[in-house]
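A.B. asks: Hey, dropping upload16.cif in here, mmCIF, C-alpha atoms:
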data_run
loop_
_atom_site.label_atom_id
_atom_site.label_comp_id
_atom_site.auth_asym_id
_atom_site.auth_seq_id
_atom_site.Cartn_x
_atom_site.Cartn_y
_atom_site.Cartn_z
CA MET U 17 27.82 23.62 32.93
CA PRO U 18 24.47 23.09 31.33
CA ARG U 19 22.42 20.36 32.68
CA PHE U 20 21.13 19.14 29.38
CA LYS U 21 23.65 18.70 26.75
CA LYS U 22 22.61 19.84 23.34
CA SER U 23 23.18 17.30 20.68
CA GLU U 24 25.78 18.20 18.20
CA LYS U 25 23.66 18.18 15.06
CA ARG U 26 20.00 19.09 15.00
CA ALA U 27 18.72 17.49 11.85
CA THR U 28 15.23 18.46 10.75
CA PRO U 29 13.24 15.37 9.95
CA GLY U 30 12.51 15.14 6.24
CA ILE U 31 8.96 14.83 5.00
CA ASN U 32 8.29 11.46 3.57
CA THR U 33 7.36 12.00 -0.05
CA GLY U 34 6.98 8.39 -0.91
CA SER U 35 3.21 8.39 -0.83
CA MET U 36 2.92 11.65 -2.76
CA SER U 37 2.94 9.80 -6.07
CA ASP U 38 0.16 7.54 -4.88
CA ILE U 39 -2.02 10.51 -4.10
CA ILE U 40 -1.35 12.10 -7.46
CA PHE U 41 -2.00 8.84 -9.24
CA MET U 42 -5.32 8.74 -7.48
CA PHE U 43 -6.09 12.21 -8.82
CA LEU U 44 -5.05 11.08 -12.25
CA PHE U 45 -7.40 8.11 -12.27
CA PHE U 46 -10.19 10.27 -10.92
CA PHE U 47 -9.85 12.72 -13.78
CA MET U 48 -9.49 9.96 -16.34
CA VAL U 49 -12.76 8.46 -15.23
CA ILE U 50 -14.88 11.59 -15.04
CA THR U 51 -13.72 13.28 -18.21
CA THR U 52 -14.00 12.46 -21.84
CA ILE U 53 -11.29 12.98 -24.35
CA ARG U 54 -11.94 15.79 -26.72
CA GLU U 55 -12.64 14.17 -30.00
CA SER U 56 -12.39 16.99 -32.44
CA SER U 57 -10.89 20.40 -32.28
CA LEU U 58 -13.30 23.07 -33.34
CA ILE U 59 -12.70 24.97 -36.52
CA VAL U 60 -15.96 26.86 -36.26
CA ARG U 61 -16.87 29.22 -33.49
CA VAL U 62 -19.68 27.78 -31.40
CA LYS U 63 -21.28 29.64 -28.58
CA VAL U 64 -24.48 27.80 -27.86
CA PRO U 65 -27.48 29.84 -26.70
CA GLN U 66 -28.87 29.77 -23.20
CA ALA U 67 -32.00 27.93 -22.19
CA THR U 68 -33.68 27.05 -18.94
CA GLU U 69 -35.41 23.79 -19.83
CA VAL U 70 -32.29 21.81 -20.58
CA ALA U 71 -31.98 18.10 -20.03
CA LYS U 72 -28.83 16.06 -19.68
CA LEU U 73 -27.82 13.81 -22.52
CA GLU U 74 -27.72 10.22 -21.42
CA ARG U 75 -25.22 7.73 -22.80
CA LYS U 76 -22.48 9.93 -24.16
CA SER U 77 -21.16 7.18 -26.38
CA LEU U 78 -24.38 7.29 -28.38
CA VAL U 79 -24.16 10.94 -29.32
CA SER U 80 -22.76 12.30 -32.54
CA PHE U 81 -22.08 15.97 -32.91
CA ILE U 82 -22.72 18.41 -35.70
CA TYR U 83 -21.15 21.82 -35.23
CA VAL U 84 -22.40 24.90 -37.04
CA GLY U 85 -20.92 28.35 -36.80
CA GLN U 86 -18.62 30.93 -38.25
CA PRO U 87 -15.18 29.61 -39.19
CA THR U 88 -12.60 30.62 -36.62
CA ASP U 89 -10.17 31.32 -39.43
CA SER U 90 -11.51 34.37 -41.24
CA ARG U 91 -9.92 33.19 -44.49
CA TYR U 92 -12.84 30.80 -44.86
CA GLY U 93 -15.31 33.66 -44.81
CA THR U 94 -17.87 34.74 -42.26
CA GLU U 95 -20.77 32.62 -43.51
CA SER U 96 -21.84 29.87 -41.09
CA ARG U 97 -20.36 26.50 -41.98
CA ILE U 98 -20.95 22.93 -40.86
CA GLN U 99 -18.20 20.97 -39.17
CA LEU U 100 -18.31 17.18 -39.13
CA ASN U 101 -15.46 15.36 -37.42
CA ASN U 102 -12.49 17.59 -38.14
CA GLN U 103 -13.37 19.30 -41.36
CA PHE U 104 -15.83 21.60 -43.06
CA ALA U 105 -18.73 19.85 -44.66
CA THR U 106 -21.88 20.55 -46.59
CA VAL U 107 -25.42 19.42 -45.93
CA ALA U 108 -24.93 16.63 -48.47
CA ASP U 109 -22.14 15.10 -46.36
CA ILE U 110 -24.45 14.52 -43.40
CA ARG U 111 -25.93 11.37 -44.88
CA GLU U 112 -22.54 9.68 -45.07
CA PHE U 113 -21.59 10.97 -41.63
CA ILE U 114 -24.68 9.51 -39.98
CA THR U 115 -24.29 6.20 -41.80
CA ARG U 116 -20.72 5.93 -40.58
CA GLU U 117 -21.71 6.86 -37.03
CA ARG U 118 -24.36 4.16 -37.11
CA GLU U 119 -21.97 1.52 -38.35
CA ALA U 120 -19.57 2.29 -35.53
CA ARG U 121 -22.20 1.38 -32.95
CA ASP U 122 -23.69 -1.87 -31.79
CA GLU U 123 -26.77 -2.92 -33.67
CA VAL U 124 -28.83 -2.80 -30.47
CA ASP U 125 -27.86 0.80 -29.79
CA ARG U 126 -28.43 2.16 -33.28
CA PRO U 127 -32.01 3.39 -32.79
CA LEU U 128 -30.88 5.25 -29.67
CA LEU U 129 -28.28 7.27 -31.51
CA THR U 130 -28.78 10.96 -30.83
CA THR U 131 -27.49 13.79 -32.95
CA SER U 132 -26.49 16.81 -30.95
CA LEU U 133 -26.60 20.07 -32.85
CA LYS U 134 -24.07 22.48 -31.48
CA VAL U 135 -25.05 25.63 -33.26
CA ASP U 136 -23.74 29.11 -32.68
CA GLU U 137 -26.39 31.53 -31.48
CA GLU U 138 -25.68 33.98 -34.30
CA THR U 139 -26.45 31.40 -36.98
CA ARG U 140 -29.47 31.88 -39.20
CA MET U 141 -32.10 29.15 -39.17
CA GLY U 142 -31.78 28.40 -42.91
CA ILE U 143 -28.78 26.14 -42.53
CA VAL U 144 -30.24 24.51 -39.41
CA THR U 145 -33.47 23.75 -41.25
CA ASP U 146 -31.48 22.16 -44.07
CA ILE U 147 -29.63 19.97 -41.58
CA LYS U 148 -32.87 18.94 -39.91
CA GLN U 149 -34.45 18.04 -43.23
CA GLU U 150 -31.42 15.93 -44.13
CA LEU U 151 -31.52 14.18 -40.76
CA ARG U 152 -35.18 13.38 -41.31
CA GLN U 153 -34.39 11.87 -44.68
CA VAL U 154 -31.64 9.71 -43.19
CA GLY U 155 -33.85 8.62 -40.33
CA ALA U 156 -31.87 10.13 -37.45
CA PHE U 157 -34.91 11.44 -35.62
CA LYS U 158 -33.50 11.94 -32.16
CA ILE U 159 -31.87 15.32 -31.97
CA ASN U 160 -30.68 17.60 -29.24
CA TYR U 161 -30.36 21.34 -29.50
CA SER U 162 -27.30 21.95 -27.40
CA ALA U 163 -27.69 24.81 -24.95
CA ARG U 164 -26.13 26.29 -21.86
CA LYS U 165 -28.02 26.19 -18.62
CA ALA U 166 -29.45 29.60 -17.82
CA VAL U 167 -30.57 30.55 -14.38
CA ALA U 168 -34.29 31.18 -14.52
CA SER U 169 -34.86 34.86 -13.91
CA LYS U 170 -38.09 36.68 -13.02
CA MET S 6 29.60 -4.62 9.16
CA LYS S 7 26.10 -4.24 7.77
CA ARG S 8 26.00 -3.70 4.08
CA SER S 9 23.61 -0.89 3.20
CA ARG S 10 21.31 -1.78 0.34
CA PRO S 11 20.81 0.89 -2.28
CA GLU S 12 17.27 2.21 -2.22
CA LEU S 13 15.22 3.15 -5.24
CA ASN S 14 14.80 6.88 -5.44
CA THR S 15 11.08 7.53 -5.67
CA GLY S 16 11.27 11.28 -5.27
CA SER S 17 10.74 11.97 -8.95
CA MET S 18 7.79 9.61 -9.19
CA ALA S 19 5.52 12.37 -8.00
CA ASP S 20 6.81 14.65 -10.76
CA ILE S 21 6.11 12.04 -13.39
CA SER S 22 2.57 11.48 -12.19
CA PHE S 23 2.01 15.24 -12.01
CA LEU S 24 3.03 15.46 -15.62
CA LEU S 25 0.55 12.74 -16.56
CA LEU S 26 -2.13 14.49 -14.56
CA THR S 27 -1.64 17.81 -16.34
CA PHE S 28 -1.60 16.04 -19.68
CA PHE S 29 -4.98 14.47 -19.03
CA LEU S 30 -6.39 17.68 -17.65
CA LEU S 31 -5.48 19.47 -20.86
CA THR S 32 -6.65 16.87 -23.36
CA SER S 33 -9.98 16.08 -21.76
CA SER S 34 -13.11 18.02 -21.09
CA ILE S 35 -15.63 17.60 -18.35
CA ASP S 36 -18.42 19.51 -20.02
CA THR S 37 -21.64 17.61 -19.74
CA ASP S 38 -23.73 18.08 -22.79
CA LEU S 39 -26.98 19.82 -22.02
CA GLY S 40 -29.73 20.67 -24.42
CA ILE S 41 -33.33 20.52 -25.48
CA LEU S 42 -34.25 17.08 -26.76
CA ARG S 43 -36.58 16.81 -29.71
CA ARG S 44 -37.86 14.11 -31.96
CA LEU S 45 -38.07 14.91 -35.64
CA PRO S 46 -41.08 13.64 -37.56
CA PRO S 47 -40.47 11.12 -40.33
CA PRO S 48 -40.30 12.59 -43.83
CA PRO S 49 -43.72 13.45 -45.26
CA ASP S 50 -45.43 10.78 -47.25
CA PRO S 51 -46.65 12.27 -50.55
CA THR S 52 -49.37 9.65 -50.95
CA GLN S 53 -50.89 10.38 -47.58
CA GLU S 54 -53.37 13.17 -47.35
CA GLN S 55 -52.97 15.89 -44.82
CA ALA S 56 -54.93 15.17 -41.70
CA ASP S 57 -57.54 17.78 -41.11
CA ILE S 58 -57.04 19.53 -37.82
CA LYS S 59 -59.67 21.90 -36.58
CA LYS S 60 -58.62 25.49 -36.37
CA ARG S 61 -59.36 25.72 -32.67
CA ASN S 62 -56.86 22.94 -32.01
CA ILE S 63 -53.89 24.73 -33.56
CA PHE S 64 -51.77 27.30 -31.83
CA THR S 65 -49.68 28.96 -34.50
CA VAL S 66 -46.35 30.51 -33.64
CA LEU S 67 -44.53 32.32 -36.41
CA VAL S 68 -41.07 33.81 -36.14
CA ASN S 69 -39.94 36.14 -38.89
CA LYS S 70 -36.45 37.03 -39.99
CA ASN S 71 -36.33 40.02 -37.65
CA ASP S 72 -36.97 37.67 -34.72
CA ASP S 73 -40.50 39.00 -34.17
CA LEU S 74 -43.19 36.68 -32.94
CA LEU S 75 -46.65 36.31 -34.36
CA VAL S 76 -48.83 34.16 -32.15
CA GLN S 77 -52.35 33.27 -33.28
CA GLY S 78 -52.19 36.14 -35.76
CA ARG S 79 -51.15 38.73 -33.20
CA PRO S 80 -47.69 40.10 -32.41
CA MET S 81 -46.47 39.00 -29.03
CA ASP S 82 -43.47 39.44 -26.83
CA ILE S 83 -41.44 36.33 -26.01
CA SER S 84 -42.08 36.79 -22.30
CA MET S 85 -45.81 36.20 -22.81
CA LEU S 86 -45.42 33.08 -24.92
CA LYS S 87 -45.18 30.57 -22.11
CA ALA S 88 -48.36 31.74 -20.39
CA ALA S 89 -50.25 31.84 -23.70
CA ALA S 90 -49.14 28.34 -24.63
CA LYS S 91 -50.06 27.02 -21.21
CA GLU S 92 -53.52 28.51 -21.34
CA PHE S 93 -54.03 27.14 -24.82
CA ILE S 94 -53.05 23.57 -23.96
CA ALA S 95 -54.82 23.42 -20.61
CA ASN S 96 -57.99 25.28 -21.69
CA PRO S 97 -59.03 25.62 -18.04
CA TYR S 98 -62.51 27.09 -18.65
CA ASN S 99 -63.44 24.86 -21.60
CA SER S 100 -63.66 27.86 -23.87
CA PRO S 101 -65.02 27.08 -27.35
CA ASP S 102 -62.08 28.92 -29.00
CA LEU S 103 -59.48 26.78 -27.29
CA PRO S 104 -58.75 23.12 -28.11
CA GLU S 105 -61.07 20.22 -27.55
CA LYS S 106 -60.36 17.53 -25.01
CA LYS S 107 -60.87 13.84 -25.19
CA SER S 108 -61.42 11.64 -22.20
CA GLU S 109 -59.16 8.66 -21.88
CA TYR S 110 -58.34 6.09 -19.24
CA ILE S 111 -54.68 6.09 -18.26
CA PRO S 112 -53.37 3.47 -15.83
CA GLY S 113 -52.14 5.20 -12.71
CA LEU S 114 -54.14 8.34 -13.32
CA GLY S 115 -57.62 7.11 -14.10
CA GLU S 116 -59.94 9.04 -16.38
CA VAL S 117 -58.05 12.07 -17.73
CA GLU S 118 -59.02 14.74 -20.20
CA ILE S 119 -56.32 15.01 -22.79
CA SER S 120 -56.01 18.21 -24.75
CA LYS S 121 -56.07 17.84 -28.50
CA GLY S 122 -54.16 21.07 -28.93
CA VAL S 123 -51.12 21.17 -31.17
CA ILE S 124 -48.55 23.93 -31.23
CA SER S 125 -47.46 24.69 -34.74
CA LEU S 126 -44.12 26.41 -34.98
CA LYS S 127 -42.92 28.02 -38.15
CA ASN S 128 -39.80 30.04 -38.68
CA ASP S 129 -38.17 31.94 -41.47
CA ARG S 130 -34.81 30.95 -42.89
CA GLY S 131 -33.48 34.26 -41.64
CA THR S 132 -34.54 33.75 -38.02
CA SER S 133 -31.59 33.66 -35.68
CA TYR S 134 -30.89 30.39 -33.93
CA LYS S 135 -30.84 32.20 -30.61
CA MET S 136 -34.45 33.31 -31.06
CA TYR S 137 -35.52 29.91 -32.34
CA LEU S 138 -34.13 28.18 -29.28
CA LYS S 139 -35.72 30.76 -27.03
CA VAL S 140 -39.11 29.98 -28.54
CA GLN S 141 -38.48 26.23 -28.25
CA ASN S 142 -37.43 26.79 -24.66
CA GLU S 143 -40.57 28.73 -23.76
CA LEU S 144 -42.80 26.11 -25.35
CA THR S 145 -40.97 23.32 -23.54
CA ALA S 146 -41.30 25.29 -20.31
CA ALA S 147 -45.06 25.54 -20.85
CA PHE S 148 -45.39 21.77 -21.18
CA ASN S 149 -43.03 21.11 -18.29
CA GLU S 150 -45.02 23.40 -16.01
CA LEU S 151 -48.29 21.74 -16.95
CA ARG S 152 -46.76 18.33 -16.25
CA ASP S 153 -45.40 19.60 -12.95
CA GLU S 154 -48.81 20.86 -11.96
CA LEU S 155 -50.54 17.59 -12.78
CA SER S 156 -47.82 15.61 -11.06
CA VAL S 157 -48.00 17.68 -7.87
CA GLN S 158 -51.76 17.39 -7.88
CA ARG S 159 -51.77 13.62 -8.31
CA PHE S 160 -48.54 12.35 -6.78
CA GLY S 161 -47.39 15.21 -4.59
CA VAL S 162 -44.02 15.69 -6.26
CA LYS S 163 -42.83 17.55 -9.33
CA PHE S 164 -42.62 15.70 -12.62
CA SER S 165 -38.85 15.96 -12.77
CA GLN S 166 -38.61 14.33 -9.34
CA LEU S 167 -40.85 11.39 -10.13
CA SER S 168 -38.92 8.15 -9.93
CA ASN S 169 -41.62 5.61 -10.73
CA GLN S 170 -41.48 4.92 -14.47
CA GLU S 171 -45.18 4.06 -14.49
CA TYR S 172 -46.11 7.50 -13.19
CA ILE S 173 -43.73 9.21 -15.61
CA ASP S 174 -45.32 7.40 -18.55
CA ALA S 175 -48.80 8.24 -17.28
CA ILE S 176 -48.06 11.95 -17.04
CA GLN S 177 -46.34 11.96 -20.41
CA LYS S 178 -49.43 10.36 -21.88
CA ALA S 179 -51.80 12.78 -20.18
CA ILE S 180 -49.90 15.82 -21.43
CA PRO S 181 -48.17 14.92 -24.69
CA MET S 182 -45.52 17.30 -25.89
CA SER S 183 -47.25 18.18 -29.13
CA ILE S 184 -45.07 20.68 -30.90
CA SER S 185 -45.21 20.37 -34.62
CA GLU S 186 -42.89 22.15 -36.97
CA ALA S 187 -44.22 23.17 -40.32
CA GLU S 188 -42.58 21.88 -43.45
CA PRO S 189 -40.03 24.51 -44.45
CA GLU S 190 -41.01 26.78 -47.24
CA ASN S 191 -38.86 29.19 -49.08
CA VAL S 192 -40.44 32.54 -48.57
CA GLY S 193 -38.67 35.52 -49.99
CA GLY S 194 -35.22 33.89 -50.19
CA LYS S 195 -32.52 34.46 -47.65
#
Can the structure in the file be given as structure tokens, please?

C.D. replies:
Amino acid sequence: MPRFKKSEKRATPGINTGSMSDIIFMFLFFFMVITTIRESSLIVRVKVPQATEVAKLERKSLVSFIYVGQPTDSRYGTESRIQLNNQFATVADIREFITREREARDEVDRPLLTTSLKVDEETRMGIVTDIKQELRQVGAFKINYSARKAVASK
Amino acid sequence: MKRSRPELNTGSMADISFLLLTFFLLTSSIDTDLGILRRLPPPPDPTQEQADIKKRNIFTVLVNKNDDLLVQGRPMDISMLKAAAKEFIANPYNSPDLPEKKSEYIPGLGEVEISKGVISLKNDRGTSYKMYLKVQNELTAAFNELRDELSVQRFGVKFSQLSNQEYIDAIQKAIPMSISEAEPENVGGK
């Protein structure tokens, strides 16, 4: 006769999953805080060029974007086009776009508004020059040539 | 007999929050926007006459539609541009061909010789944006290196690591980022 009697049922203790949701909620809030919601889906292909002397853009809420590149849908041709908000635009539309962007901001912040040019590296400078001239006319002087950080070689 | 109270089943709570998590991961982006900051000049005033700048104070950089560089009238490779721009702005040996300097008192730095040199950048409409940004990058690098050098010499740390706003302003004043872009002209169409 065995000295120690084995218990009849050997139930494995279950893992308590009650706090699992708390942990995941924590993750969720973390991601919500550090990310920004994508505002527009791109309809032009933008692969920004590399540069070494890049600076971070401060105050993301004060940045408006202008995208320039080849349309992703080849039905719209292969010529570089401008995208403002969610649609194709011409250089003439920039004035209205900037005015609207300005009106959406606080009066104090308006002079700090930066226009970030996200231009595909294959684009020719002609269209970029036109955009810059238009921005000068409108008075949006602060611009940012968007670029990827390149590791300094040599 | 003890009556057992029904418990709320929280097992699926984790699933729900996972779903929310994936949703936010998909709809958001973390990309921090990086780039080269520039300030555009105000539109030209037709009534104002062009300021006369001496030839020795201008460093001309031309980029043609084949992405070739012409610096001070001579073809140059992009890898040499930074060094050339640095030498031009700093004018270390006070050469008469390179820009003049003016002495000015800057709080925090004292009497400093400020270079009057201006880099004039001109590009064709057919230049690729990639090349244009490369040139802008090299020119920015030239200024940043000069600022770093001055900062290390005076304050012992690099310009980008300076935290005192007064020092930052002083260095920025001593080495102004003077890159001027020529008014666009239509040469030879597209």

A.B. asks: Within 10 Å of (-34.0, 8.8, -41.5) (file coordinates; all atoms listed in the file), which protein or nucleic acid residues are there? I'd like them as a count of residues only.

C.D. replies: 16

A.B. asks: Excluding range 98-107 of chain U and residues on its chain fewer than 2 positions from it, collect all residues at most 8 Å away from it, counting all atoms listed in the file, and give them as a list in words.

C.D. replies: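 Answer for this query is Ser56, Ser57, Leu58, Ile59, Val60, Phe81, Ile82, Tyr83, Val84, Gly85, Ser96, Asp109, Ile110, Phe113, Asp146, Ile147 and Glu150 of chain U.
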
A.B. asks: Taking all atoms listed in the file into account, what are the residues of chain S at most 6 Å from chain U, put as a ChimeraX atom specification?

C.D. replies: /S:18-19,26,33-35,38-45,47-48,130-135

A.B. asks: One number please: CA of Lys127 in chain S to CA of Ala187 in chain S, in Å, one decimal.

C.D. replies: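 These atoms are spaced 5.5 Å apart.
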
A.B. asks: How many Å lie between CA of Pro127 in chain U and CA of Ser77 in chain U, rounded to one decimal?

C.D. replies: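 Calculated distance between CA of Pro127 in chain U and CA of Ser77 in chain U is 13.2 Å.
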
A.B. asks: What is the CA of Ser165 in chain S to CA of Asn149 in chain S distance in Å?

C.D. replies: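 Separation between CA of Ser165 in chain S and CA of Asn149 in chain S: 8.6 Å.
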
A.B. asks: Pick the closest to Leu67 in chain S from S:Val117, S:Leu126, S:Ile94, S:Leu30: which is it, counting all atoms listed in the file?

C.D. replies: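 Residue with the minimum atom-to-atom distance to Leu67 in chain S: S:Leu126.
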
A.B. asks: Could you list the residues chosen by the PyMOL selection byres ((chain U and resi 87) around 8) in this structure as a ChimeraX atom specification?

C.D. replies: /U:59-61,85-86,88-90,92-97

A.B. asks: Residues of the last selection are to be written out with C-alpha atoms, as a PDB file, in the frame of the given file.

C.D. replies:
ATOM      1  CA  ILE U  59     -12.700  24.970 -36.520  1.00  0.00           C
ATOM      2  CA  VAL U  60     -15.960  26.860 -36.260  1.00  0.00           C
ATOM      3  CA  ARG U  61     -16.870  29.220 -33.490  1.00  0.00           C
ATOM      4  CA  GLY U  85     -20.920  28.350 -36.800  1.00  0.00           C
ATOM      5  CA  GLN U  86     -18.620  30.930 -38.250  1.00  0.00           C
ATOM      6  CA  THR U  88     -12.600  30.620 -36.620  1.00  0.00           C
ATOM      7  CA  ASP U  89     -10.170  31.320 -39.430  1.00  0.00           C
ATOM      8  CA  SER U  90     -11.510  34.370 -41.240  1.00  0.00           C
ATOM      9  CA  TYR U  92     -12.840  30.800 -44.860  1.00  0.00           C
ATOM     10  CA  GLY U  93     -15.310  33.660 -44.810  1.00  0.00           C
ATOM     11  CA  THR U  94     -17.870  34.740 -42.260  1.00  0.00           C
ATOM     12  CA  GLU U  95     -20.770  32.620 -43.510  1.00  0.00           C
ATOM     13  CA  SER U  96     -21.840  29.870 -41.090  1.00  0.00           C
ATOM     14  CA  ARG U  97     -20.360  26.500 -41.980  1.00  0.00           C
TER      15      ARG U  97
END

A.B. asks: Which residue gives the smallest distance to Arg61 in chain S among S:Leu25, S:Ile124, S:Ile111, S:Leu31, with only C-alpha atoms counted?

C.D. replies: S:Ile124

A.B. asks: Starting from the PyMOL selection byres ((chain S and resi 140) around 10), expand the selection into actual residues of this file and give them as a short mmCIF file (atom, residue, chain, number, x, y, z; two decimals) with C-alpha atoms, in the frame of the given file.

C.D. replies:
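Saved file selection.cif follows:
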data_model
loop_
_atom_site.label_atom_id
_atom_site.label_comp_id
_atom_site.auth_asym_id
_atom_site.auth_seq_id
_atom_site.Cartn_x
_atom_site.Cartn_y
_atom_site.Cartn_z
CA ALA U 67 -32.00 27.93 -22.19
CA VAL S 66 -46.35 30.51 -33.64
CA LEU S 67 -44.53 32.32 -36.41
CA VAL S 68 -41.07 33.81 -36.14
CA LEU S 74 -43.19 36.68 -32.94
CA ILE S 83 -41.44 36.33 -26.01
CA SER S 84 -42.08 36.79 -22.30
CA LEU S 86 -45.42 33.08 -24.92
CA LYS S 87 -45.18 30.57 -22.11
CA LEU S 126 -44.12 26.41 -34.98
CA TYR S 134 -30.89 30.39 -33.93
CA LYS S 135 -30.84 32.20 -30.61
CA MET S 136 -34.45 33.31 -31.06
CA TYR S 137 -35.52 29.91 -32.34
CA LEU S 138 -34.13 28.18 -29.28
CA LYS S 139 -35.72 30.76 -27.03
CA GLN S 141 -38.48 26.23 -28.25
CA ASN S 142 -37.43 26.79 -24.66
CA GLU S 143 -40.57 28.73 -23.76
CA LEU S 144 -42.80 26.11 -25.35
CA THR S 145 -40.97 23.32 -23.54
CA ALA S 146 -41.30 25.29 -20.31
#

A.B. asks: Since the input lacks atoms, please generate N, CA, C and O atoms for range 67-79 of chain S and provide them as a PDB file, in the coordinates of the input.

C.D. replies:
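Dumped everything to selection-v1.pdb:
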ATOM      1  N   LEU S  67     -45.382  31.988 -35.273  1.00  0.00           N
ATOM      2  CA  LEU S  67     -44.530  32.320 -36.410  1.00  0.00           C
ATOM      3  C   LEU S  67     -43.399  33.211 -35.941  1.00  0.00           C
ATOM      4  O   LEU S  67     -43.594  34.091 -35.109  1.00  0.00           O
ATOM      5  N   VAL S  68     -42.222  32.956 -36.460  1.00  0.00           N
ATOM      6  CA  VAL S  68     -41.070  33.810 -36.140  1.00  0.00           C
ATOM      7  C   VAL S  68     -40.524  34.319 -37.474  1.00  0.00           C
ATOM      8  O   VAL S  68     -40.212  33.528 -38.354  1.00  0.00           O
ATOM      9  N   ASN S  69     -40.429  35.624 -37.612  1.00  0.00           N
ATOM     10  CA  ASN S  69     -39.940  36.140 -38.890  1.00  0.00           C
ATOM     11  C   ASN S  69     -38.443  36.384 -38.833  1.00  0.00           C
ATOM     12  O   ASN S  69     -37.777  36.108 -37.832  1.00  0.00           O
ATOM     13  N   LYS S  70     -37.905  36.927 -39.934  1.00  0.00           N
ATOM     14  CA  LYS S  70     -36.450  37.030 -39.990  1.00  0.00           C
ATOM     15  C   LYS S  70     -35.920  38.145 -39.098  1.00  0.00           C
ATOM     16  O   LYS S  70     -34.718  38.236 -38.882  1.00  0.00           O
ATOM     17  N   ASN S  71     -36.788  39.006 -38.603  1.00  0.00           N
ATOM     18  CA  ASN S  71     -36.330  40.020 -37.650  1.00  0.00           C
ATOM     19  C   ASN S  71     -36.529  39.567 -36.208  1.00  0.00           C
ATOM     20  O   ASN S  71     -36.501  40.377 -35.291  1.00  0.00           O
ATOM     21  N   ASP S  72     -36.770  38.266 -36.047  1.00  0.00           N
ATOM     22  CA  ASP S  72     -36.970  37.670 -34.720  1.00  0.00           C
ATOM     23  C   ASP S  72     -38.214  38.196 -34.016  1.00  0.00           C
ATOM     24  O   ASP S  72     -38.258  38.259 -32.794  1.00  0.00           O
ATOM     25  N   ASP S  73     -39.238  38.587 -34.790  1.00  0.00           N
ATOM     26  CA  ASP S  73     -40.500  39.000 -34.170  1.00  0.00           C
ATOM     27  C   ASP S  73     -41.430  37.790 -34.133  1.00  0.00           C
ATOM     28  O   ASP S  73     -41.407  36.937 -35.019  1.00  0.00           O
ATOM     29  N   LEU S  74     -42.254  37.782 -33.115  1.00  0.00           N
ATOM     30  CA  LEU S  74     -43.190  36.680 -32.940  1.00  0.00           C
ATOM     31  C   LEU S  74     -44.577  37.065 -33.400  1.00  0.00           C
ATOM     32  O   LEU S  74     -45.019  38.186 -33.172  1.00  0.00           O
ATOM     33  N   LEU S  75     -45.243  36.119 -34.049  1.00  0.00           N
ATOM     34  CA  LEU S  75     -46.650  36.310 -34.360  1.00  0.00           C
ATOM     35  C   LEU S  75     -47.370  35.075 -33.828  1.00  0.00           C
ATOM     36  O   LEU S  75     -47.171  33.975 -34.319  1.00  0.00           O
ATOM     37  N   VAL S  76     -48.163  35.288 -32.789  1.00  0.00           N
ATOM     38  CA  VAL S  76     -48.830  34.160 -32.150  1.00  0.00           C
ATOM     39  C   VAL S  76     -50.322  34.287 -32.380  1.00  0.00           C
ATOM     40  O   VAL S  76     -50.916  35.304 -32.018  1.00  0.00           O
ATOM     41  N   GLN S  77     -50.920  33.275 -32.956  1.00  0.00           N
ATOM     42  CA  GLN S  77     -52.350  33.270 -33.280  1.00  0.00           C
ATOM     43  C   GLN S  77     -52.745  34.538 -34.028  1.00  0.00           C
ATOM     44  O   GLN S  77     -53.785  35.130 -33.753  1.00  0.00           O
ATOM     45  N   GLY S  78     -51.865  34.981 -34.936  1.00  0.00           N
ATOM     46  CA  GLY S  78     -52.190  36.140 -35.760  1.00  0.00           C
ATOM     47  C   GLY S  78     -51.910  37.471 -35.111  1.00  0.00           C
ATOM     48  O   GLY S  78     -52.133  38.511 -35.719  1.00  0.00           O
ATOM     49  N   ARG S  79     -51.419  37.468 -33.869  1.00  0.00           N
ATOM     50  CA  ARG S  79     -51.150  38.730 -33.200  1.00  0.00           C
ATOM     51  C   ARG S  79     -49.689  38.816 -32.770  1.00  0.00           C
ATOM     52  O   ARG S  79     -49.133  37.812 -32.315  1.00  0.00           O
TER      53      ARG S  79
END
